[in-house]
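Quick look at query_24.cif (mmCIF, C-alpha atoms):
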```cif
data_my_file
loop_
_atom_site.label_atom_id
_atom_site.label_comp_id
_atom_site.auth_asym_id
_atom_site.auth_seq_id
_atom_site.Cartn_x
_atom_site.Cartn_y
_atom_site.Cartn_z
CA MET I 9 146.03 90.21 -81.77
CA SER I 10 145.52 93.98 -81.66
CA LEU I 11 142.07 95.54 -81.93
CA LYS I 12 143.12 97.11 -85.23
CA GLN I 13 143.80 93.66 -86.70
CA ILE I 14 140.41 92.39 -85.51
CA PHE I 15 138.61 94.48 -88.14
CA TYR I 16 140.35 92.71 -91.01
CA LYS I 17 140.46 89.15 -89.65
CA GLY I 18 138.72 87.08 -92.34
CA ASN I 19 137.53 90.36 -93.80
CA ARG I 20 140.42 91.46 -96.05
CA LEU I 21 138.75 90.51 -99.33
CA LEU I 22 135.70 92.65 -98.50
CA TRP I 23 138.02 95.49 -97.46
CA LEU I 24 139.95 95.30 -100.72
CA CYS I 25 136.70 95.16 -102.74
CA TYR I 26 135.40 98.18 -100.83
CA VAL I 27 138.55 100.24 -101.45
CA PHE I 28 138.70 99.09 -105.09
CA LEU I 29 135.08 100.11 -105.71
CA MET I 30 135.63 103.52 -104.08
CA THR I 31 138.73 104.06 -106.21
CA LEU I 32 136.94 102.90 -109.35
CA ASP I 33 134.09 105.30 -108.56
CA GLY I 34 136.57 108.18 -108.33
CA GLY I 35 138.16 107.13 -111.62
CA LEU I 36 134.81 106.98 -113.39
CA ASN I 37 133.92 110.42 -112.06
CA LEU I 38 137.20 111.70 -113.49
CA LEU I 39 136.36 110.00 -116.81
CA LEU I 40 132.94 111.64 -116.72
CA SER I 41 134.49 115.10 -116.33
CA PHE I 42 136.83 114.34 -119.26
CA LEU I 43 133.85 113.23 -121.37
CA LEU I 44 131.96 116.42 -120.53
CA GLN I 45 134.99 118.42 -121.68
CA GLN I 46 135.03 116.42 -124.93
CA ILE I 47 131.29 116.99 -125.38
CA THR I 48 131.87 120.73 -124.97
CA ASP I 49 134.63 120.62 -127.60
CA ALA I 50 132.44 118.61 -129.99
CA THR I 51 129.64 121.12 -129.50
CA LEU I 52 131.94 124.05 -130.27
CA THR I 53 133.29 122.44 -133.43
CA GLY I 54 129.82 121.39 -134.53
CA ASN I 55 130.73 117.72 -134.96
CA ALA I 56 127.35 116.04 -134.46
CA GLY I 57 128.61 112.48 -135.05
CA THR I 58 131.28 112.77 -132.37
CA LEU I 59 128.80 114.46 -130.05
CA LYS I 60 126.36 111.54 -130.35
CA GLN I 61 129.14 109.02 -129.67
CA LEU I 62 130.36 110.97 -126.67
CA CYS I 63 126.85 111.23 -125.24
CA VAL I 64 126.42 107.45 -125.52
CA VAL I 65 129.79 106.86 -123.81
CA CYS I 66 128.81 109.41 -121.14
CA LEU I 67 125.52 107.60 -120.48
CA ILE I 68 127.40 104.29 -120.20
CA ALA I 69 129.83 105.92 -117.73
CA ILE I 70 126.90 107.23 -115.66
CA ALA I 71 125.35 103.74 -115.64
CA GLY I 72 128.74 102.36 -114.54
CA ILE I 73 128.96 104.91 -111.74
CA MET I 74 125.47 103.95 -110.57
CA LEU I 75 126.33 100.24 -110.64
CA ILE I 76 129.57 100.80 -108.74
CA PHE I 77 127.73 102.96 -106.20
CA LEU I 78 125.22 100.17 -105.64
CA LEU I 79 127.96 97.51 -105.30
CA GLN I 80 129.92 99.83 -103.01
CA TYR I 81 126.87 100.30 -100.79
CA PHE I 82 126.41 96.55 -100.29
CA VAL I 83 130.11 95.72 -99.91
CA GLN I 84 130.60 98.56 -97.42
CA ALA I 85 127.61 97.45 -95.35
CA LYS I 86 128.83 93.84 -95.28
CA PHE I 87 132.41 94.84 -94.42
CA ILE I 88 131.36 97.27 -91.66
CA LYS I 89 128.90 94.80 -90.15
CA LYS I 90 131.49 92.00 -89.98
CA ALA I 91 134.31 94.28 -88.78
CA MET I 92 132.20 95.86 -86.02
CA SER I 93 130.79 92.51 -84.95
CA GLN I 94 134.32 91.14 -84.57
CA TYR I 95 135.41 94.30 -82.73
CA LYS I 96 132.55 94.17 -80.25
CA LYS I 97 133.06 90.45 -79.60
CA GLU I 98 136.76 91.04 -78.92
CA VAL I 99 136.13 94.01 -76.63
CA PHE I 100 133.48 92.04 -74.74
CA ALA I 101 135.81 89.02 -74.42
CA ARG I 102 138.55 91.27 -73.05
CA LEU I 103 136.11 92.80 -70.58
CA LEU I 104 135.13 89.36 -69.34
CA LYS I 105 138.80 88.51 -68.71
CA LYS I 106 139.13 91.41 -66.26
CA SER I 107 139.07 90.65 -62.57
CA ARG I 108 136.17 91.58 -60.27
CA ARG I 109 138.44 94.02 -58.48
CA SER I 110 139.08 96.04 -61.65
CA PHE I 111 135.34 96.21 -62.33
CA SER I 112 134.59 97.51 -58.86
CA SER I 113 137.46 100.00 -58.83
CA GLU I 114 136.85 101.51 -62.30
CA ASN I 115 133.96 103.48 -63.68
CA THR I 116 131.63 101.15 -65.62
CA GLY I 117 130.83 104.00 -67.99
CA VAL I 118 134.25 103.45 -69.58
CA TYR I 119 133.23 99.91 -70.52
CA LEU I 120 129.87 100.97 -71.88
CA SER I 121 131.54 103.70 -73.89
CA ALA I 122 133.92 101.16 -75.47
CA LEU I 123 130.94 99.14 -76.70
CA THR I 124 128.75 102.04 -77.90
CA ASN I 125 130.19 105.51 -78.48
CA ASP I 126 133.73 104.39 -79.26
CA ALA I 127 132.43 101.70 -81.62
CA ALA I 128 130.34 104.24 -83.54
CA SER I 129 133.30 106.61 -83.77
CA ILE I 130 135.59 103.83 -84.98
CA GLU I 131 133.07 102.80 -87.62
CA GLU I 132 132.56 106.30 -88.98
CA ASN I 133 136.00 107.83 -88.55
CA TYR I 134 138.33 104.86 -88.96
CA LEU I 135 136.74 102.20 -91.13
CA LYS I 136 134.85 104.48 -93.53
CA GLY I 137 137.40 107.27 -93.23
CA THR I 138 140.38 105.11 -94.19
CA ALA I 139 138.69 103.92 -97.37
CA LYS I 140 137.70 107.49 -98.24
CA LEU I 141 141.25 108.67 -97.63
CA MET I 142 142.64 106.03 -99.98
CA SER I 143 140.03 106.85 -102.62
CA HIS I 144 140.67 110.59 -102.35
CA GLY I 145 144.42 109.99 -102.55
CA VAL I 146 144.03 108.08 -105.82
CA ALA I 147 141.65 110.74 -107.16
CA PHE I 148 144.14 113.45 -106.23
CA VAL I 149 146.99 111.72 -108.08
CA ALA I 150 144.75 111.12 -111.11
CA THR I 151 143.58 114.75 -111.09
CA VAL I 152 147.16 116.02 -111.00
CA ALA I 153 147.98 113.73 -113.96
CA VAL I 154 144.99 115.09 -115.89
CA MET I 155 145.99 118.67 -115.07
CA GLU I 156 149.50 117.99 -116.37
CA GLU I 157 148.00 116.69 -119.62
CA MET I 158 145.75 119.75 -119.83
CA GLU I 159 148.80 121.97 -119.36
CA LYS I 160 150.14 120.55 -122.62
CA GLU I 161 146.97 121.70 -124.38
CA LYS I 162 147.14 125.21 -122.92
CA ASP I 163 148.10 126.80 -126.25
CA ASP I 164 144.83 125.47 -127.62
CA LEU I 165 142.84 127.62 -125.17
CA MET I 166 143.02 130.90 -127.04
CA ARG I 167 141.22 129.25 -129.92
CA TYR I 168 138.12 128.95 -127.72
CA VAL I 169 138.23 132.01 -125.50
CA ASN I 170 137.37 134.47 -128.26
CA LEU I 171 135.13 132.18 -130.29
CA PHE I 172 131.37 132.62 -130.15
CA GLY I 173 128.88 130.49 -131.98
CA TYR I 174 125.63 131.90 -133.33
CA ASN I 175 122.59 130.67 -135.20
CA PRO I 176 122.96 131.82 -138.84
CA ARG I 177 119.20 131.98 -139.16
CA TYR I 178 119.05 134.83 -136.65
CA GLY I 179 122.50 136.38 -137.05
CA ILE I 180 124.59 138.07 -134.39
CA ASP I 181 122.64 139.86 -131.69
CA GLY I 182 123.97 143.32 -130.94
CA LYS I 183 127.17 144.99 -132.03
CA PRO I 184 130.00 142.50 -132.81
CA ILE I 185 133.16 142.70 -130.70
CA GLY I 186 136.29 143.18 -132.82
CA SER I 187 138.52 140.74 -130.91
CA VAL I 188 135.94 137.92 -131.07
CA THR I 189 135.53 135.44 -133.91
CA TYR I 190 131.92 134.58 -134.66
CA LYS I 191 131.25 131.15 -136.11
CA PRO I 192 127.87 130.09 -137.48
CA GLN I 193 126.63 126.86 -135.90
CA PRO I 194 125.03 124.13 -138.01
#
```
Would you mind writing the structure in this file as structure tokens?
Amino acid sequence: MSLKQIFYKGNRLLWLCYVFLMTLDGGLNLLLSFLLQQITDATLTGNAGTLKQLCVVCLIAIAGIMLIFLLQYFVQAKFIKKAMSQYKKEVFARLLKKSRRSFSSENTGVYLSALTNDAASIEENYLKGTAKLMSHGVAFVATVAVMEEMEKEKDDLMRYVNLFGYNPRYGIDGKPIGSVTYKPQP
């Protein structure tokens, strides 16, 4: 069995949960940005009912993100602990199988490095990094999909660029700009 396979031996379910939670976290963050865009639109149109609903959904999404972050923290810790424990046991077992001659002819610092520095690097750069890479890949694909959908709404943009809201109680401050539409806010 290769050292790479050692990390996942009896640990695949935790690995899949870890990657799933990281991906779900990225998806909820994308949902949150969409909700903030919808809140901005509801604010501009003055639709208070929709704004309240969106704020409630946004708070639920934030609570979901916090819950997923907490679950992710515990699953990651459990996965990393088990994977690194299995790795160190396997490296140590392989070291014990070496002959006395190889121990006396080689630098013992190489063996110590395999159990300390290399293990820390593998934990940070391989185990955590692979899950992050998968999560970022999914977030990238989802972001491109959202941008494609936003491209379809591009004609809608000019409606907002030159639209300013103002409080009718106080009126427009300063000289109005001719190319801008001023809309009183409720």
Problem set entry | Residue neighbourhood Asp33 in chain I, 10 Å, only C-alpha atoms, exclusion window fewer than 3 positions, as an MDAnalysis selection string | chainID I and resid 27:30 36:39 72:77 80 143 147
Keeping only C-alpha atoms, take the residues you just selected and write them out as an mmCIF file, in the frame of the given file.
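Final output, saved to selection_1.cif:
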```cif
data_model
loop_
_atom_site.group_PDB
_atom_site.id
_atom_site.type_symbol
_atom_site.label_atom_id
_atom_site.label_comp_id
_atom_site.auth_asym_id
_atom_site.auth_seq_id
_atom_site.Cartn_x
_atom_site.Cartn_y
_atom_site.Cartn_z
ATOM 1 C CA VAL I 27 138.550 100.240 -101.450
ATOM 2 C CA PHE I 28 138.700 99.090 -105.090
ATOM 3 C CA LEU I 29 135.080 100.110 -105.710
ATOM 4 C CA MET I 30 135.630 103.520 -104.080
ATOM 5 C CA LEU I 36 134.810 106.980 -113.390
ATOM 6 C CA ASN I 37 133.920 110.420 -112.060
ATOM 7 C CA LEU I 38 137.200 111.700 -113.490
ATOM 8 C CA LEU I 39 136.360 110.000 -116.810
ATOM 9 C CA GLY I 72 128.740 102.360 -114.540
ATOM 10 C CA ILE I 73 128.960 104.910 -111.740
ATOM 11 C CA MET I 74 125.470 103.950 -110.570
ATOM 12 C CA LEU I 75 126.330 100.240 -110.640
ATOM 13 C CA ILE I 76 129.570 100.800 -108.740
ATOM 14 C CA PHE I 77 127.730 102.960 -106.200
ATOM 15 C CA GLN I 80 129.920 99.830 -103.010
ATOM 16 C CA SER I 143 140.030 106.850 -102.620
ATOM 17 C CA ALA I 147 141.650 110.740 -107.160
#
```
Problem set entry | Picked residues, the PyMOL selection byres ((chain I and resi 66) around 12), expected as JSON, numbers by chain | {"I": [36, 37, 38, 39, 40, 41, 42, 43, 44, 45, 46, 47, 58, 59, 60, 61, 62, 63, 64, 65, 67, 68, 69, 70, 71, 72, 73]}
Problem set entry | Interatomic distance (Å, one decimal) between CA of Leu120 in chain I and CA of Met9 in chain I |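 CA of Met9 in chain I lies 21.8 Å from CA of Leu120 in chain I.
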Exercise. Of the candidates I:Asn175, I:Thr189, I:Gln84, I:Asn55, which shows the shortest atom-to-atom distance to Lys140 in chain I, using only C-alpha atoms?
Worked result: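 Comparing I:Asn175, I:Thr189, I:Gln84, I:Asn55 against Lys140 in chain I, the winner is I:Gln84.
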For this session: Using all atoms listed in the file, find the one residue out of I:Met158, I:Val149, I:Met92, I:Ile14 that sits nearest to Asp126 in chain I.
Result: I:Met92
Seminar exercise, completed: Taken to one decimal, the CA of Ala153 in chain I-CA of Thr138 in chain I distance is 22.9 Å
